[in-house]
$ cat entry20.cif   # mmCIF, C-alpha atoms
data_start
loop_
_atom_site.group_PDB
_atom_site.id
_atom_site.type_symbol
_atom_site.label_atom_id
_atom_site.label_comp_id
_atom_site.auth_asym_id
_atom_site.auth_seq_id
_atom_site.Cartn_x
_atom_site.Cartn_y
_atom_site.Cartn_z
ATOM 1 C CA MET A 1 10.153 -24.432 10.737
ATOM 2 C CA GLN A 2 7.494 -24.661 8.045
ATOM 3 C CA TRP A 3 4.243 -22.842 7.411
ATOM 4 C CA LYS A 4 1.752 -22.265 4.598
ATOM 5 C CA ASP A 5 0.023 -18.969 3.861
ATOM 6 C CA GLU A 6 -1.200 -16.680 1.097
ATOM 7 C CA GLY A 7 -0.024 -13.192 0.353
ATOM 8 C CA PHE A 8 0.832 -10.383 -2.051
ATOM 9 C CA ILE A 9 4.272 -9.885 -3.594
ATOM 10 C CA LEU A 10 5.816 -6.627 -2.360
ATOM 11 C CA SER A 11 9.252 -6.807 -3.962
ATOM 12 C CA LYS A 12 11.711 -9.113 -5.690
ATOM 13 C CA LYS A 13 15.415 -9.211 -6.495
ATOM 14 C CA LYS A 14 17.730 -11.659 -8.196
ATOM 15 C CA TYR A 15 19.660 -14.058 -5.974
ATOM 16 C CA GLY A 16 22.481 -16.054 -7.496
ATOM 17 C CA GLU A 17 22.252 -17.337 -11.047
ATOM 18 C CA ASN A 18 18.706 -18.723 -11.138
ATOM 19 C CA SER A 19 16.939 -17.777 -7.914
ATOM 20 C CA ILE A 20 14.958 -14.776 -6.713
ATOM 21 C CA ILE A 21 14.298 -13.363 -3.259
ATOM 22 C CA ILE A 22 10.729 -12.167 -2.895
ATOM 23 C CA GLU A 23 9.096 -10.233 -0.090
ATOM 24 C CA VAL A 24 5.472 -11.153 0.591
ATOM 25 C CA PHE A 25 2.772 -9.618 2.776
ATOM 26 C CA THR A 26 0.883 -12.639 4.084
ATOM 27 C CA SER A 27 -2.454 -13.086 5.791
ATOM 28 C CA ASN A 28 -1.259 -14.755 9.005
ATOM 29 C CA HIS A 29 2.499 -14.197 9.152
ATOM 30 C CA GLY A 30 2.778 -10.584 8.068
ATOM 31 C CA LYS A 31 5.695 -9.462 5.937
ATOM 32 C CA CYS A 32 8.241 -12.164 5.121
ATOM 33 C CA SER A 33 11.092 -12.750 2.660
ATOM 34 C CA GLY A 34 12.231 -16.011 1.112
ATOM 35 C CA ILE A 35 14.238 -17.511 -1.734
ATOM 36 C CA VAL A 36 12.446 -18.936 -4.751
ATOM 37 C CA TYR A 37 14.649 -21.520 -6.453
ATOM 38 C CA GLY A 38 14.452 -21.324 -10.239
ATOM 39 C CA GLY A 39 12.683 -17.987 -9.930
ATOM 40 C CA THR A 40 14.418 -16.599 -13.017
ATOM 41 C CA SER A 41 12.827 -19.206 -15.279
ATOM 42 C CA ARG A 42 10.179 -17.798 -17.597
ATOM 43 C CA LYS A 43 7.385 -19.924 -16.131
ATOM 44 C CA ILE A 44 7.981 -18.958 -12.497
ATOM 45 C CA ASN A 45 9.083 -15.383 -13.136
ATOM 46 C CA ASN A 46 5.785 -14.655 -14.882
ATOM 47 C CA TYR A 47 4.064 -15.360 -11.556
ATOM 48 C CA LEU A 48 6.421 -13.111 -9.627
ATOM 49 C CA GLN A 49 4.917 -9.779 -10.656
ATOM 50 C CA LEU A 50 4.538 -7.173 -7.927
ATOM 51 C CA GLY A 51 1.042 -7.226 -6.476
ATOM 52 C CA ASN A 52 0.220 -10.776 -7.551
ATOM 53 C CA LYS A 53 -1.442 -12.951 -4.933
ATOM 54 C CA ILE A 54 0.339 -16.231 -4.322
ATOM 55 C CA GLN A 55 0.302 -19.208 -1.998
ATOM 56 C CA VAL A 56 3.613 -19.702 -0.233
ATOM 57 C CA ILE A 57 5.080 -22.585 1.738
ATOM 58 C CA LEU A 58 8.056 -21.405 3.768
ATOM 59 C CA LYS A 59 10.770 -23.793 4.902
ATOM 60 C CA THR A 60 13.562 -22.527 7.150
ATOM 61 C CA LYS A 61 15.818 -23.886 9.881
ATOM 62 C CA ASN A 62 15.001 -21.020 12.251
ATOM 63 C CA GLU A 63 13.218 -17.655 12.285
ATOM 64 C CA ASN A 64 16.473 -15.704 12.048
ATOM 65 C CA ARG A 65 17.583 -17.207 8.732
ATOM 66 C CA LEU A 66 16.260 -16.556 5.260
ATOM 67 C CA GLY A 67 14.092 -19.499 4.245
ATOM 68 C CA TYR A 68 12.876 -20.961 0.977
ATOM 69 C CA PHE A 69 9.503 -20.422 -0.653
ATOM 70 C CA LYS A 70 7.533 -22.883 -2.694
ATOM 71 C CA ILE A 71 4.903 -20.844 -4.515
ATOM 72 C CA GLU A 72 1.690 -21.192 -6.474
ATOM 73 C CA ILE A 73 -0.220 -18.383 -8.186
ATOM 74 C CA ILE A 74 -3.646 -17.562 -6.750
ATOM 75 C CA ASP A 75 -4.544 -14.366 -8.593
ATOM 76 C CA ALA A 76 -2.560 -12.532 -11.285
ATOM 77 C CA ILE A 77 -3.411 -8.987 -10.240
ATOM 78 C CA SER A 78 -0.690 -6.843 -11.804
ATOM 79 C CA PRO A 79 -1.667 -7.565 -15.473
ATOM 80 C CA PHE A 80 -4.900 -5.631 -14.834
ATOM 81 C CA PHE A 81 -2.806 -2.453 -14.705
ATOM 82 C CA PHE A 82 -0.082 -2.903 -17.322
ATOM 83 C CA ASP A 83 -1.896 -0.556 -19.726
ATOM 84 C CA ASP A 84 -2.912 2.019 -17.101
ATOM 85 C CA ASN A 85 -0.028 4.028 -15.661
ATOM 86 C CA LYS A 86 -2.181 5.774 -13.076
ATOM 87 C CA LYS A 87 -3.488 2.547 -11.597
ATOM 88 C CA LEU A 88 -0.087 0.884 -11.877
ATOM 89 C CA ASN A 89 1.528 3.692 -9.876
ATOM 90 C CA CYS A 90 -1.282 3.434 -7.365
ATOM 91 C CA LEU A 91 -0.648 -0.297 -6.953
ATOM 92 C CA LEU A 92 3.108 0.212 -6.603
ATOM 93 C CA SER A 93 2.578 3.030 -4.104
ATOM 94 C CA SER A 94 0.393 0.860 -1.876
ATOM 95 C CA LEU A 95 2.887 -2.023 -2.058
ATOM 96 C CA GLU A 96 5.769 0.280 -1.188
ATOM 97 C CA LEU A 97 3.936 1.643 1.857
ATOM 98 C CA LEU A 98 3.354 -1.894 3.127
ATOM 99 C CA LYS A 99 7.001 -2.752 2.451
ATOM 100 C CA ILE A 100 8.615 0.192 4.235
ATOM 101 C CA THR A 101 6.280 0.571 7.220
ATOM 102 C CA LEU A 102 5.441 -2.956 8.387
ATOM 103 C CA PRO A 103 7.887 -4.962 10.536
ATOM 104 C CA GLU A 104 8.913 -8.505 9.636
ATOM 105 C CA LEU A 105 6.876 -11.543 10.704
ATOM 106 C CA LEU A 106 4.161 -9.762 12.670
ATOM 107 C CA SER A 107 0.598 -10.642 11.742
ATOM 108 C CA TYR A 108 -1.557 -7.769 10.511
ATOM 109 C CA ASN A 109 -4.646 -9.631 9.356
ATOM 110 C CA SER A 110 -6.847 -6.533 9.536
ATOM 111 C CA ILE A 111 -4.447 -4.712 7.194
ATOM 112 C CA PHE A 112 -4.363 -7.743 4.900
ATOM 113 C CA VAL A 113 -8.168 -7.663 4.616
ATOM 114 C CA LEU A 114 -8.118 -3.879 4.162
ATOM 115 C CA PHE A 115 -5.566 -4.191 1.360
ATOM 116 C CA SER A 116 -7.448 -7.040 -0.341
ATOM 117 C CA ASN A 117 -10.628 -4.958 -0.372
ATOM 118 C CA PHE A 118 -8.752 -1.960 -1.773
ATOM 119 C CA LEU A 119 -7.311 -4.025 -4.650
ATOM 120 C CA ASN A 120 -10.813 -5.022 -5.628
ATOM 121 C CA GLU A 121 -11.802 -1.343 -5.810
ATOM 122 C CA LEU A 122 -8.643 -0.528 -7.768
ATOM 123 C CA MET A 123 -9.501 -3.154 -10.361
ATOM 124 C CA PHE A 124 -13.211 -2.503 -10.784
ATOM 125 C CA ASN A 125 -14.316 0.846 -9.300
ATOM 126 C CA LYS A 126 -14.269 4.020 -11.387
ATOM 127 C CA ASN A 127 -13.565 6.042 -8.218
ATOM 128 C CA TRP A 128 -10.495 3.946 -7.385
ATOM 129 C CA ILE A 129 -8.326 6.939 -6.479
ATOM 130 C CA ILE A 130 -10.773 7.997 -3.767
ATOM 131 C CA HIS A 131 -10.699 4.462 -2.393
ATOM 132 C CA TYR A 132 -6.913 4.650 -2.405
ATOM 133 C CA ILE A 133 -6.952 7.882 -0.405
ATOM 134 C CA PHE A 134 -9.244 6.356 2.209
ATOM 135 C CA TRP A 135 -7.148 3.177 2.185
ATOM 136 C CA GLU A 136 -4.084 5.243 3.117
ATOM 137 C CA ILE A 137 -5.993 6.945 5.926
ATOM 138 C CA ASP A 138 -7.271 3.607 7.270
ATOM 139 C CA PHE A 139 -3.856 1.983 6.875
ATOM 140 C CA LEU A 140 -2.148 4.760 8.832
ATOM 141 C CA LYS A 141 -4.748 4.339 11.565
ATOM 142 C CA GLU A 142 -4.084 0.576 11.723
ATOM 143 C CA ILE A 143 -0.365 1.126 12.305
ATOM 144 C CA GLY A 144 -0.970 3.733 15.018
ATOM 145 C CA PHE A 145 -1.049 7.039 13.134
ATOM 146 C CA ASP A 146 -4.709 8.033 13.148
ATOM 147 C CA MET A 147 -5.307 11.371 11.428
ATOM 148 C CA SER A 148 -8.674 11.585 13.265
ATOM 149 C CA LEU A 149 -10.085 13.966 10.667
ATOM 150 C CA ARG A 150 -13.692 13.732 11.746
ATOM 151 C CA SER A 151 -13.031 14.227 15.473
ATOM 152 C CA ASN A 152 -10.521 17.018 14.755
ATOM 153 C CA LEU A 153 -12.924 18.949 12.530
ATOM 154 C CA VAL A 154 -13.057 22.631 13.432
ATOM 155 C CA SER A 155 -15.504 23.977 10.843
ATOM 156 C CA GLU A 156 -16.586 24.014 7.245
ATOM 157 C CA ASN A 157 -14.597 26.584 5.307
ATOM 158 C CA TYR A 158 -17.269 28.504 3.479
ATOM 159 C CA SER A 159 -14.818 30.916 1.873
ATOM 160 C CA LYS A 160 -13.300 28.008 -0.036
ATOM 161 C CA LYS A 161 -15.601 25.615 -1.848
ATOM 162 C CA ASN A 162 -15.459 21.972 -0.757
ATOM 163 C CA MET A 163 -12.953 22.654 2.026
ATOM 164 C CA SER A 164 -13.021 22.050 5.785
ATOM 165 C CA THR A 165 -10.731 23.078 8.633
ATOM 166 C CA VAL A 166 -9.182 20.493 10.961
ATOM 167 C CA TYR A 167 -6.359 20.180 13.467
ATOM 168 C CA ILE A 168 -3.587 17.799 12.379
ATOM 169 C CA ASP A 169 -0.384 17.526 14.409
ATOM 170 C CA ASN A 170 -1.449 20.595 16.420
ATOM 171 C CA GLU A 171 -1.739 22.606 13.221
ATOM 172 C CA LYS A 172 -4.922 24.181 11.904
ATOM 173 C CA ILE A 173 -5.196 23.407 8.197
ATOM 174 C CA SER A 174 -7.725 23.319 5.361
ATOM 175 C CA ILE A 175 -8.472 19.952 3.789
ATOM 176 C CA PRO A 176 -10.878 18.749 1.070
ATOM 177 C CA SER A 177 -14.277 18.174 2.680
ATOM 178 C CA PHE A 178 -14.720 14.751 1.060
ATOM 179 C CA MET A 179 -12.030 13.409 3.406
ATOM 180 C CA VAL A 180 -14.171 14.263 6.432
ATOM 181 C CA GLU A 181 -17.505 13.367 4.836
ATOM 182 C CA ASN A 182 -16.310 9.965 3.513
ATOM 183 C CA LYS A 183 -17.564 11.024 0.112
ATOM 184 C CA PHE A 184 -16.663 8.862 -2.889
ATOM 185 C CA GLU A 185 -18.643 10.477 -5.717
ATOM 186 C CA ASP A 186 -18.109 13.704 -7.669
ATOM 187 C CA VAL A 187 -14.739 14.658 -6.167
ATOM 188 C CA ASP A 188 -12.824 17.126 -8.347
ATOM 189 C CA VAL A 189 -9.207 16.585 -9.418
ATOM 190 C CA LYS A 190 -7.936 19.547 -7.387
ATOM 191 C CA SER A 191 -9.347 18.023 -4.195
ATOM 192 C CA ILE A 192 -7.788 14.648 -5.043
ATOM 193 C CA TYR A 193 -4.361 16.229 -5.491
ATOM 194 C CA HIS A 194 -4.734 18.249 -2.290
ATOM 195 C CA ALA A 195 -5.709 15.087 -0.365
ATOM 196 C CA LEU A 196 -2.741 13.096 -1.703
ATOM 197 C CA LYS A 197 -0.324 15.888 -0.797
ATOM 198 C CA LEU A 198 -1.848 16.265 2.664
ATOM 199 C CA ILE A 199 -1.575 12.561 3.519
ATOM 200 C CA GLY A 200 1.911 12.474 1.994
ATOM 201 C CA LYS A 201 3.019 15.309 4.254
ATOM 202 C CA PHE A 202 1.553 13.525 7.287
ATOM 203 C CA LEU A 203 3.280 10.285 6.278
ATOM 204 C CA GLU A 204 6.593 12.027 5.747
ATOM 205 C CA LYS A 205 6.488 13.924 9.033
ATOM 206 C CA ASN A 206 5.360 11.060 11.272
ATOM 207 C CA ILE A 207 6.934 7.964 9.699
ATOM 208 C CA LEU A 208 9.403 8.572 6.876
ATOM 209 C CA ILE A 209 11.640 11.309 8.293
ATOM 210 C CA PRO A 210 11.828 9.877 11.868
ATOM 211 C CA ASN A 211 12.888 6.506 10.429
ATOM 212 C CA ASN A 212 15.206 7.849 7.689
ATOM 213 C CA LEU A 213 12.975 6.421 4.957
ATOM 214 C CA ASN A 214 12.720 7.823 1.435
ATOM 215 C CA TYR A 215 9.446 9.085 0.034
ATOM 216 C CA PRO A 216 8.127 6.361 -2.336
ATOM 217 C CA VAL A 217 8.849 7.337 -5.951
ATOM 218 C CA SER A 218 5.642 5.661 -7.134
ATOM 219 C CA ARG A 219 3.591 7.816 -4.798
ATOM 220 C CA LYS A 220 5.207 11.018 -6.041
ATOM 221 C CA SER A 221 4.361 9.898 -9.572
ATOM 222 C CA LEU A 222 0.771 9.239 -8.511
ATOM 223 C CA GLU A 223 0.492 12.774 -7.123
ATOM 224 C CA ARG A 224 1.736 14.249 -10.399
ATOM 225 C CA PHE A 225 -1.021 12.497 -12.343
ATOM 226 C CA PHE A 226 -3.586 14.633 -10.499
ATOM 227 C CA LYS A 227 -1.640 17.881 -10.319
#
$ encode --input "entry20.cif" --output "structure tokens"
Amino acid sequence: MQWKDEGFILSKKKYGENSIIIEVFTSNHGKCSGIVYGGTSRKINNYLQLGNKIQVILKTKNENRLGYFKIEIIDAISPFFFDDNKKLNCLLSSLELLKITLPELLSYNSIFVLFSNFLNELMFNKNWIIHYIFWEIDFLKEIGFDMSLRSNLVSENYSKKNMSTVYIDNEKISIPSFMVENKFEDVDVKSIYHALKLIGKFLEKNILIPNNLNYPVSRKSLERFFK
């Protein structure tokens, strides 16, 4: 079997003396792993940074065996964030969510487009963290865990500034109003932290704990930046 696609590097680990196994989230084939021969060489390893967009050609004898990747760099994304720990943790958090929640070799083109658009905001938009929060909400919806904030709105919480009341998982809770209003401008740090913790709790309850998955370390670090 052989196919050609483009995707983002989710993870990598050494394999043997001079090869690396990478996991890639591709446009048409979903999440897939493969061996990159000579991946430890300086030239190739420089391409294999988490988050980088690459072209991959997979060769394998059958779908149940680990195949081999031939790769070419399309866009070196991760260097944009090497000097910005907040954005770097945000990138790693998004990659980890894709890695732990998506099944192997199932196409999620809508999620691929959603993620590509988010990376553009992360690189160039000053309100990148708000875009990340809405990316998480949209991503959860795409994989079947819609928080339905707007339809579950109970009321504006006038006793607490910038807060609204919604039902989530049959529980009545207060959330930052910007999450319901799809507001991207002038969101205070306290609301950002509250939103990250809220989505994290939803993620943990509905996906991580039922599947015995650990809470992504990079996401915990991201939360602490806004605490």
$ atom_distance --input "entry20.cif" --atom1 "CA of Cys90 (chain A)" --atom2 "CA of Phe226 (chain A)"
11.9 Å
$ resolve_selection --input "entry20.cif" --expression "the PyMOL selection byres ((chain A and resi 97-108) around 8)" --output "VMD selection string"
chain A and resid 10 to 11 25 to 32 93 to 96 109 to 112 207 213 216
$ resolve_selection --input "entry20.cif" --expression "the PyMOL selection byres ((chain A and resi 71) around 6)" --output "PyMOL selection string"
chain A and resi 55-56+70+72
$ atom_distance --input "entry20.cif" --atom1 "CA of Asn182 (chain A)" --atom2 "CA of Val217 (chain A)"
27.0 Å
$ resolve_selection --input "entry20.cif" --expression "the PyMOL selection byres ((chain A and resi 138) around 12)" --output "MDAnalysis selection string"
chainID A and resid 110:115 117:118 131:137 139:149 179 182 199
$ atom_distance --input "entry20.cif" --atom1 "CA of Asn62 (chain A)" --atom2 "CA of Gln49 (chain A)"
27.4 Å
$ closest_residue --input "entry20.cif" --among "A:Glu185, A:Lys61, A:Lys4, A:Lys220" --to "Ile129 (chain A)" --atoms "all atoms listed in the file"
A:Glu185
$ residues_around --input "entry20.cif" --residues "Thr60 (chain A)" --least-positions-apart "3" --cutoff "7 Å" --atoms "all atoms listed in the file" --output "PyMOL selection string"
chain A and resi 1-2+65-68
$ axis_aligned_box --input "entry20.cif" --around "region 132-150 of chain A" --padding-each-side "4 Å" --output "JSON"
{"center_x": -7.0, "center_y": 7.3, "center_z": 6.3, "size_x": 21.3, "size_y": 21.4, "size_z": 25.4}
$ closest_residue --input "entry20.cif" --among "A:Lys12, A:Lys197, A:Arg224, A:Lys183" --to "Asn85 (chain A)" --atoms "all atoms listed in the file"
A:Arg224
$ residues_near_point --input "entry20.cif" --point "(-0.6, 21.6, -14.4)" --cutoff "12 Å" --atoms "all atoms listed in the file" --output "PyMOL selection string"
chain A and resi 189-190+193+223-227
$ closest_residue --input "entry20.cif" --among "A:Val187, A:Ile74, A:Leu153, A:Leu91" --to "Lys172 (chain A)" --atoms "only C-alpha atoms"
A:Leu153
$ residues_around --input "entry20.cif" --residues "Lys87 (chain A)" --least-positions-apart "5" --cutoff "9 Å" --atoms "all atoms listed in the file" --output "JSON, numbers by chain"
{"A": [80, 81, 82, 92, 122, 123, 128, 129, 222]}
$ write_last_selection --input "entry20.cif" --atoms "C-alpha atoms" --output "PDB file, keeping the file's coordinate frame"
ATOM      1  CA  PHE A  80      -4.900  -5.631 -14.834  1.00  0.00           C
ATOM      2  CA  PHE A  81      -2.806  -2.453 -14.705  1.00  0.00           C
ATOM      3  CA  PHE A  82      -0.082  -2.903 -17.322  1.00  0.00           C
ATOM      4  CA  LEU A  92       3.108   0.212  -6.603  1.00  0.00           C
ATOM      5  CA  LEU A 122      -8.643  -0.528  -7.768  1.00  0.00           C
ATOM      6  CA  MET A 123      -9.501  -3.154 -10.361  1.00  0.00           C
ATOM      7  CA  TRP A 128     -10.495   3.946  -7.385  1.00  0.00           C
ATOM      8  CA  ILE A 129      -8.326   6.939  -6.479  1.00  0.00           C
ATOM      9  CA  LEU A 222       0.771   9.239  -8.511  1.00  0.00           C
TER      10      LEU A 222
END
$ residues_around --input "entry20.cif" --residues "Tyr47 (chain A)" --least-positions-apart "4" --cutoff "9 Å" --atoms "all atoms listed in the file" --output "VMD selection string"
chain A and resid 42 to 43 52 to 54 71 to 73 76
$ residues_around --input "entry20.cif" --residues "Gly51 (chain A)" --least-positions-apart "3" --cutoff "6 Å" --atoms "all atoms listed in the file" --output "PDB file with C-alpha atoms, in the coordinates of the input"
ATOM      1  CA  PHE A   8       0.832 -10.383  -2.051  1.00  0.00           C
ATOM      2  CA  ILE A   9       4.272  -9.885  -3.594  1.00  0.00           C
ATOM      3  CA  SER A  78      -0.690  -6.843 -11.804  1.00  0.00           C
TER       4      SER A  78
END
$ closest_residue --input "entry20.cif" --among "A:Val166, A:Ile209, A:Ile35, A:Leu88" --to "Val154 (chain A)" --atoms "all atoms listed in the file"
A:Val166
$ closest_residue --input "entry20.cif" --among "A:Leu208, A:Ile175, A:Ile77, A:Ile57" --to "His194 (chain A)" --atoms "only C-alpha atoms"
A:Ile175
$ residues_around --input "entry20.cif" --residues "Thr40 (chain A)" --least-positions-apart "5" --cutoff "8 Å" --atoms "only C-alpha atoms" --output "list in words"
Lys14, Asn18, Ser19, Ile20 and Asn45 of chain A
$ write_last_selection --input "entry20.cif" --atoms "C-alpha atoms" --output "PDB file, in the frame of the given file"
ATOM      1  CA  LYS A  14      17.730 -11.659  -8.196  1.00  0.00           C
ATOM      2  CA  ASN A  18      18.706 -18.723 -11.138  1.00  0.00           C
ATOM      3  CA  SER A  19      16.939 -17.777  -7.914  1.00  0.00           C
ATOM      4  CA  ILE A  20      14.958 -14.776  -6.713  1.00  0.00           C
ATOM      5  CA  ASN A  45       9.083 -15.383 -13.136  1.00  0.00           C
TER       6      ASN A  45
END
